[in-house]
Structure formats: C-alpha cells, structure tokens
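Here's the structure, in structure tokens; my notes come after.
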Amino acid sequence: MAERPGSIDETLALLKSTGYVADRPLATVLFLALKLGRPIFLEGEAGVGKTEIAKVLSAGLGRRLIRLQCYEGLDIASAVYEWNYAGQMMAIRLAEAGGAVDRDTLESDLFSERYLVKRPLLQALEPDTAGAPVLLIDELDRTDEAFEAFLLEVLSDFQVTIPELGTVRADHPPIVVITSNRTREVHDALKRRCLYHWVDYPDPERELAILKSRVPDAPGRLSQEVVGFVQAIRKEDLFKAPGVAETLDWASALVELDAVALDPALVSDTLGVLLKYQDDIQKMQGSRAKEMLDIVQNALRISE
C-alpha cells in the first residue's frame with residue numbers, strides 16, 4: 001500500500017507512474033479529494049479517460065478497485081446486498097428433514113453473513129488490510145433519481161443499514177470516484193458532496209504524450225498524424241466525436257497493419273475503428289478524409 005500523495009506534484013507523478021498523462025487541474029482536484037476525504041465527481045464525454053482515473057488511483061496507491069457499473073433500473077439488490085435465497089431454502093429443507101426445528105435459531109442463522117451476498121457498495125464499506133478501497137461508481141447518469149437519492153445517503157455517512165443485521169459503517173471511508181457522461185443532469189445535492197471536475201478532450205501535446213505512453217510501438221510520424229487527424233475530426237459536425245480511447249484503438253490497429261504514416265486509403269479503410277456511427281463514417285470517407293489528411297500532413301511539414 002502506497003502513501004497518499006502529499007502535494008499536487010506528487011499526484012501528477014503518481015498518475016504518470018501508472019501511465020496516465022494528466023494535466024495540473026485534474027491532479028489538483030484529485031489531490032484535494034484524497035486530502036479532504038471527499039468523493040470526486042468526474043463528468044465529460046465518453047472515452048476521455050474518466051474511468052481510467054479510478055483504475056490508476058487503485059494501481060498507484062495499491063488499493064483494491066471496486067466497480068459499480070450503473071445502468072437503468074439499478075436497485076439496492078444489485079448495488080448493495082441481497083440474500084442468497086436458494087441457500088436459505090436449502091437450509092430450511094435440511095433443518096426440516098433433520099427433525100426438531102428451533103425457529104428462532106434457524107431464523108438467526110438464515111439471516112446471518114453466511115447467506116449475505118455483498119454487492120459493490122457494501123464491499124466498499126468493509127475493512128481492508130491494504131487500506132480503504134477505491135470505489136468507482138461508473139456512469140451514474142444511467143441510473144434513475146431514486147437510486148441517486150439512495151446513493152446520497154450512503155455517501156453522507158458511509159454506512160448502510162441491513163434490517164436483519166443492523167448498520168454496517170466504514171471505519172475508513174473508501175476513495176470514491178463517480179463518473180457521468182452527462183446524458184442527464186445529476187442532482188445538485190449529490191454534486192455538493194463531491195469535488196467536481198470536467199474531463200475534456202486533451203490538447204494535441206497531451207494526447208500525443210498519452211499515445212506514446214500507451215502505444216509505444218507506434219512510429220513517431222504515425223503518432224503525430226493520428227493525433228493531428230483526430231484533433232481535426234473532433235471539430236467536425238459528428239454524432240459522436242472520437243475520444244482518447246478511440247485514438248489509442250486506432251493507433252494500435254494501424255501498428256498491427258504495419259503502417260508508418262497515414263494515407264487516404266488507409267484512413268478510409270480503418271475509420272470504423274475511430275468512429276462508431278455509420279453516418280459519421282460516410283461523412284468522413286473519401287475526399288473529405290483526404291482533404292483533412294492533407295491539412296494535417298502539411299501542418300506537420302511546416303512545423304518541422
């Protein structure tokens with residue numbers, strides 16, 4: 001287990017040591033969240049690296065990562081706990097088959113930790129020899145307001161009440177990272193309990209550094225052209241602009257194709273790695289892809 005960073009510079013170094021190239025504003029918010037013991041709420045477009053931040057915190061600090069993937073209809077049974085009903089029924093039948101049944105004893109046994117199925121939120125409240133875990137609540141905006149209200153209660157006191165067992169309270173609150181793709185607005189009451197940061201698309205220099213870190217086998221010229229093309233394509237009127245994740249996927253695919261530089265045919269053939277909607281692909285194929293690639297390559301030649 002590593003010590004929590006003692007400064008913003010140490011936070012930057014921690015992120016860099018695990019392969020995450022962060023800017024100073026993000027490192028500042030993360031440092032403050034760790035220092036103050038507050039949840040951090042990360043909002044931004046899909047694919048900009050929000051989820052990855054929780055993963056690198058877990059790896060860098062040597063803490064267990066517990067992930068709650070949110071979706072429409074998420075309830076307490078899936079997020080906190082439920083009882084092993086099949087196991088309980090088996091225990092009842094075995095007790096009945098054995099003869100005399102002490103109902104009070106049987107009931108106490110049935111609703112003990114032995115039959116408790118612990119879900120992510122309850123797991124995150126348990127003590128851990130490696131230190132408080134990193135709890136990732138991913139894509140909170142996919143849930144409904146009822147679950148959001150329940151989560152607000154959990155984050156306020158870091159405790160959960162199980163009627164049959166009592167209250168489970170965290171001795172050391174987990175490091176909480178909440179992400180949202182902003183498909184809907186999350187209630188202000190929850191945001192007020194968190195430190196907030198908007199994770200934007202990186203600038204060209206940082207995206208190039210990210211690419212070099214994550215796809216080190218990519219030739220230098222190819223990496224520059226990939227970043228230049230992606231930066232340009234994000235300015236187009238697309239249904240879904242590519243995120244950093246798509247940049248890395250595209251660069252990896254091009255390396256597998258033994259590419260050392262981009263050409264119009266290669267761009268058109270591999271746009272399905274970079275863009276995820278057919279309308280966007282059709283808009284960027286052919287002459288438009290060639291035109292943008294020419295601009296990118298001319299700009300690189302001028303800068304050399």
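Naming scheme: A, B, ... for chains in displayed order of the structure tokens; residues 1 onward per chain; ligands 1 onward as shown.
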Test item: residues at most 8 Å from A:Leu136, only C-alpha atoms, excluding those fewer than 3 positions along its chain, as a ChimeraX atom specification | /A:51,54,65-68,176-179
Go ahead and write the selection's residues with C-alpha atoms as a short mmCIF file (atom, residue, chain, number, x, y, z; two decimals), in the first residue's frame.
data_model
loop_
_atom_site.label_atom_id
_atom_site.label_comp_id
_atom_site.auth_asym_id
_atom_site.auth_seq_id
_atom_site.Cartn_x
_atom_site.Cartn_y
_atom_site.Cartn_z
CA THR A 51 -12.98 5.53 -15.67
CA ALA A 54 -10.11 5.34 -10.78
CA LEU A 65 -10.71 -1.35 -7.01
CA ILE A 66 -14.44 -1.97 -6.52
CA ARG A 67 -16.55 -1.03 -9.54
CA LEU A 68 -20.28 -0.40 -9.60
CA VAL A 176 -14.96 7.38 -4.19
CA VAL A 177 -14.80 8.23 -7.90
CA ILE A 178 -18.12 8.94 -9.62
CA THR A 179 -18.32 9.35 -13.39
#
A:Ser108 surroundings by only C-alpha atoms, 12 Å radius, close-in-sequence under 6 positions cut, as a list in words | Gln88, Ala91, Ile92, Asp102, Arg114, Tyr115, Glu164 and Leu165 of chain A
Apply DSSP to the backbone of this structure and, from stretch 113-301 of chain A, keep only the residues in strand (DSSP E or B); write these as number ranges by chain.
-> A: 116-118, 134-138, 159-162, 166-169, 175-180, 195-198
Save the residues we just selected, N, CA and C atoms, as a tab-separated table (two decimals), in the first residue's frame?
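So the final result, stored in part-v8.tsv, reads:
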chain	number	residue	atom	x	y	z
A	116	LEU	N	-25.43	-13.79	3.19
A	116	LEU	CA	-25.47	-12.42	2.67
A	116	LEU	C	-24.59	-12.32	1.42
A	117	VAL	N	-25.19	-11.87	0.32
A	117	VAL	CA	-24.44	-11.65	-0.92
A	117	VAL	C	-24.09	-10.17	-0.97
A	118	LYS	N	-22.81	-9.87	-0.85
A	118	LYS	CA	-22.36	-8.48	-0.77
A	118	LYS	C	-22.09	-7.93	-2.16
A	134	VAL	N	-10.70	1.80	-3.54
A	134	VAL	CA	-11.20	2.80	-4.48
A	134	VAL	C	-12.55	2.31	-5.00
A	135	LEU	N	-13.59	3.06	-4.73
A	135	LEU	CA	-14.94	2.71	-5.18
A	135	LEU	C	-15.27	3.53	-6.43
A	136	LEU	N	-15.40	2.86	-7.55
A	136	LEU	CA	-15.75	3.52	-8.81
A	136	LEU	C	-17.24	3.33	-9.07
A	137	ILE	N	-17.98	4.42	-9.08
A	137	ILE	CA	-19.40	4.40	-9.43
A	137	ILE	C	-19.49	4.97	-10.84
A	138	ASP	N	-19.55	4.06	-11.81
A	138	ASP	CA	-19.34	4.42	-13.21
A	138	ASP	C	-20.65	4.71	-13.93
A	159	GLN	N	-22.36	4.52	5.36
A	159	GLN	CA	-22.94	3.41	6.10
A	159	GLN	C	-24.18	2.90	5.38
A	160	VAL	N	-24.51	1.64	5.64
A	160	VAL	CA	-25.68	1.00	5.06
A	160	VAL	C	-26.38	0.23	6.17
A	161	THR	N	-27.69	0.34	6.23
A	161	THR	CA	-28.45	-0.41	7.22
A	161	THR	C	-29.09	-1.63	6.58
A	162	ILE	N	-28.78	-2.80	7.14
A	162	ILE	CA	-29.40	-4.06	6.71
A	162	ILE	C	-30.37	-4.44	7.82
A	166	GLY	N	-28.37	-5.05	11.02
A	166	GLY	CA	-28.00	-3.79	11.63
A	166	GLY	C	-27.25	-2.90	10.66
A	167	THR	N	-26.51	-1.94	11.19
A	167	THR	CA	-25.83	-0.94	10.37
A	167	THR	C	-24.37	-1.34	10.14
A	168	VAL	N	-23.97	-1.28	8.88
A	168	VAL	CA	-22.58	-1.52	8.51
A	168	VAL	C	-21.96	-0.16	8.20
A	169	ARG	N	-20.94	0.20	8.97
A	169	ARG	CA	-20.32	1.52	8.82
A	169	ARG	C	-18.84	1.35	8.50
A	175	ILE	N	-12.16	5.58	-1.14
A	175	ILE	CA	-11.88	6.67	-2.08
A	175	ILE	C	-12.91	6.55	-3.20
A	176	VAL	N	-13.82	7.50	-3.28
A	176	VAL	CA	-14.96	7.38	-4.19
A	176	VAL	C	-14.74	8.22	-5.45
A	177	VAL	N	-14.86	7.56	-6.60
A	177	VAL	CA	-14.80	8.23	-7.90
A	177	VAL	C	-16.12	7.98	-8.61
A	178	ILE	N	-16.84	9.05	-8.92
A	178	ILE	CA	-18.12	8.94	-9.62
A	178	ILE	C	-17.95	9.54	-11.01
A	179	THR	N	-18.42	8.82	-12.02
A	179	THR	CA	-18.32	9.35	-13.39
A	179	THR	C	-19.70	9.53	-13.99
A	180	SER	N	-19.78	10.45	-14.94
A	180	SER	CA	-21.02	10.70	-15.66
A	180	SER	C	-20.70	11.17	-17.07
A	195	LEU	N	-16.13	16.78	-4.93
A	195	LEU	CA	-15.33	17.75	-5.67
A	195	LEU	C	-15.54	17.45	-7.15
A	196	TYR	N	-15.73	18.49	-7.93
A	196	TYR	CA	-16.15	18.32	-9.33
A	196	TYR	C	-15.01	18.63	-10.30
A	197	HIS	N	-14.96	17.85	-11.39
A	197	HIS	CA	-14.00	18.16	-12.45
A	197	HIS	C	-14.58	17.71	-13.79
A	198	TRP	N	-14.51	18.60	-14.76
A	198	TRP	CA	-14.91	18.26	-16.13
A	198	TRP	C	-13.68	17.73	-16.87
Taking 6 positions as the minimum chain separation for residues in the same chain, which residues sit within 8 Å of A:Tyr71 when counting only C-alpha atoms? Answer as a PDB file with C-alpha atoms, in the first residue's frame.
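Output below, filename result_2.pdb:
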ATOM      1  CA  GLU A 139     -21.827   6.281 -15.436  1.00  0.00           C
ATOM      2  CA  LEU A 140     -24.149   7.413 -12.649  1.00  0.00           C
ATOM      3  CA  ARG A 142     -27.609   5.983 -16.468  1.00  0.00           C
ATOM      4  CA  THR A 143     -29.494   5.335 -13.213  1.00  0.00           C
TER       5      THR A 143
END
Show which residues sit within 8 Å of stretch 233-249 of chain A, as a list in words. Count only C-alpha atoms, and ignore same-chain residues fewer than 4 positions away.
-> Glu45, Ala46, Gly47, Val48, Gly49, Tyr201, Pro202, Glu207, Leu211, Arg214, Val215, Val226, Val227, Phe229, Ala253, Val273, Leu274, Leu275, Lys276, Tyr277, Asp279 and Asp280 of chain A
How about saving the chosen residues, N, CA, C and O atoms kept, as a compact mmCIF listing (two decimals), in the first residue's frame?
# COMPACT_ATOMS: atom_id res chain seq x y z
N GLU A 45 -17.35 13.76 -21.86
CA GLU A 45 -17.79 12.88 -22.94
C GLU A 45 -17.24 11.47 -22.73
O GLU A 45 -16.24 11.26 -22.05
N ALA A 46 -17.93 10.51 -23.32
CA ALA A 46 -17.48 9.12 -23.24
C ALA A 46 -16.11 8.98 -23.92
O ALA A 46 -15.87 9.57 -24.97
N GLY A 47 -15.22 8.21 -23.30
CA GLY A 47 -13.94 7.92 -23.91
C GLY A 47 -12.83 8.90 -23.64
O GLY A 47 -11.76 8.82 -24.25
N VAL A 48 -13.03 9.82 -22.68
CA VAL A 48 -11.97 10.81 -22.40
C VAL A 48 -11.07 10.38 -21.24
O VAL A 48 -10.14 11.09 -20.88
N GLY A 49 -11.36 9.23 -20.62
CA GLY A 49 -10.47 8.72 -19.58
C GLY A 49 -10.96 8.85 -18.16
O GLY A 49 -10.17 8.75 -17.22
N TYR A 201 -11.52 16.72 -23.73
CA TYR A 201 -10.56 16.14 -24.66
C TYR A 201 -9.20 16.81 -24.44
O TYR A 201 -9.13 18.02 -24.21
N PRO A 202 -8.12 16.06 -24.51
CA PRO A 202 -6.80 16.65 -24.29
C PRO A 202 -6.36 17.51 -25.47
O PRO A 202 -6.84 17.33 -26.60
N GLU A 207 -2.37 14.70 -25.83
CA GLU A 207 -2.87 13.49 -26.48
C GLU A 207 -1.72 12.71 -27.11
O GLU A 207 -1.71 11.47 -27.08
N LEU A 211 -0.64 8.91 -26.22
CA LEU A 211 -0.46 7.89 -27.24
C LEU A 211 0.91 7.22 -27.13
O LEU A 211 1.03 6.00 -27.20
N ARG A 214 0.85 4.86 -24.13
CA ARG A 214 0.00 3.67 -24.21
C ARG A 214 0.28 2.81 -25.44
O ARG A 214 0.00 1.61 -25.43
N VAL A 215 0.77 3.42 -26.52
CA VAL A 215 1.08 2.65 -27.74
C VAL A 215 2.53 2.97 -28.12
O VAL A 215 2.80 3.62 -29.14
N VAL A 226 -1.80 10.66 -36.50
CA VAL A 226 -3.02 10.16 -35.86
C VAL A 226 -3.62 11.23 -34.94
O VAL A 226 -4.82 11.52 -35.00
N VAL A 227 -2.77 11.82 -34.09
CA VAL A 227 -3.26 12.85 -33.17
C VAL A 227 -3.77 14.06 -33.94
O VAL A 227 -4.83 14.61 -33.63
N PHE A 229 -4.98 14.18 -36.98
CA PHE A 229 -6.24 13.84 -37.66
C PHE A 229 -7.40 13.78 -36.67
O PHE A 229 -8.49 14.30 -36.94
N ALA A 253 -4.44 -0.33 -33.98
CA ALA A 253 -4.83 -1.04 -35.19
C ALA A 253 -3.88 -0.73 -36.34
O ALA A 253 -3.51 -1.63 -37.11
N VAL A 273 -12.68 1.89 -36.81
CA VAL A 273 -12.03 1.79 -35.50
C VAL A 273 -12.16 3.11 -34.75
O VAL A 273 -12.32 3.13 -33.52
N LEU A 274 -12.14 4.20 -35.49
CA LEU A 274 -12.14 5.54 -34.89
C LEU A 274 -13.55 6.07 -34.64
O LEU A 274 -13.81 6.70 -33.61
N LEU A 275 -14.45 5.83 -35.57
CA LEU A 275 -15.82 6.33 -35.48
C LEU A 275 -16.79 5.17 -35.29
O LEU A 275 -16.58 4.09 -35.85
N LYS A 276 -17.87 5.40 -34.56
CA LYS A 276 -18.76 4.30 -34.18
C LYS A 276 -20.17 4.43 -34.77
O LYS A 276 -21.04 3.63 -34.42
N TYR A 277 -20.38 5.40 -35.64
CA TYR A 277 -21.69 5.56 -36.27
C TYR A 277 -21.51 5.66 -37.78
O TYR A 277 -20.63 6.39 -38.26
N ASP A 279 -23.23 7.04 -40.13
CA ASP A 279 -23.39 8.38 -40.72
C ASP A 279 -22.10 9.19 -40.62
O ASP A 279 -21.73 9.92 -41.55
N ASP A 280 -21.42 9.07 -39.47
CA ASP A 280 -20.14 9.76 -39.29
C ASP A 280 -19.08 9.21 -40.23
O ASP A 280 -18.29 9.97 -40.81
Which one of A:Leu152, A:Ala86, A:Ala27, A:Leu34 sits closest to A:Leu61 if you count only C-alpha atoms?
->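 Of A:Leu152, A:Ala86, A:Ala27, A:Leu34, the one nearest A:Leu61, counting only C-alpha atoms, is A:Leu34.
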Residue with smallest distance to A:Leu121 - pool A:Leu151, A:Ile40, A:Val296, A:Ala265, counting only C-alpha atoms =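 The answer is A:Leu151, which sits nearest to A:Leu121.
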Atomic separation - atom CA of A:Gly44 relative to atom CA of A:Asn181, Å |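 Rounded to one decimal, the two atoms are 5.3 Å apart.
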Could you give me, as a ChimeraX atom specification, each residue of stretch 162-302 of chain A that DSSP assigns to helix (DSSP H, G or I) when run on this structure's backbone?
-> /A:188-192,204-214,220-233,244-256,264-274,278-284,287-302
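Between atom CA of A:Phe147 and atom CA of A:Ala124 lies a distance of 17.1 Å.
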For the contact check between stretch 131-216 of chain A and stretch 17-26 of chain A, emit one row per residue of stretch 131-216 of chain A within 8 Å, containing the shortest atom pair and the distance in Å rounded to one decimal, counting only C-alpha atoms, chain then rising number order, as a Markdown table.
| residue | atom | partner | partner_atom | distance |
| --- | --- | --- | --- | --- |
| A:His197 | CA | A:Leu26 | CA | 7.0 |
| A:Val199 | CA | A:Leu26 | CA | 7.8 |
| A:Arg206 | CA | A:Val21 | CA | 7.0 |
| A:Ala209 | CA | A:Val21 | CA | 7.0 |
| A:Ile210 | CA | A:Val21 | CA | 5.8 |
| A:Ser213 | CA | A:Gly19 | CA | 6.3 |
| A:Arg214 | CA | A:Gly19 | CA | 7.1 |
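With only C-alpha atoms as the atoms that count, the minimum distance from A:Ala170 to the choices A:Asp144, A:Glu153, A:Glu10, A:Asp128 is reached by A:Asp128.
Using only C-alpha atoms, the smallest distance between any of A:Gln69, A:Ser112, A:Gln282, A:Thr28 and A:Asp269 comes from A:Gln282.
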Out of A:Ser7, A:Asp217, A:Glu52, A:Leu155, which residue has the shortest atom-to-atom distance to A:Cys194 when counting only C-alpha atoms?
->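 Among the listed residues, the smallest separation from A:Cys194 belongs to A:Leu155.
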Residue contacts of A:Pro204 (8 Å, only C-alpha atoms) excluding same-chain residues fewer than 4 positions away, as a VMD selection string = chain A and resid 208 227 to 228 231
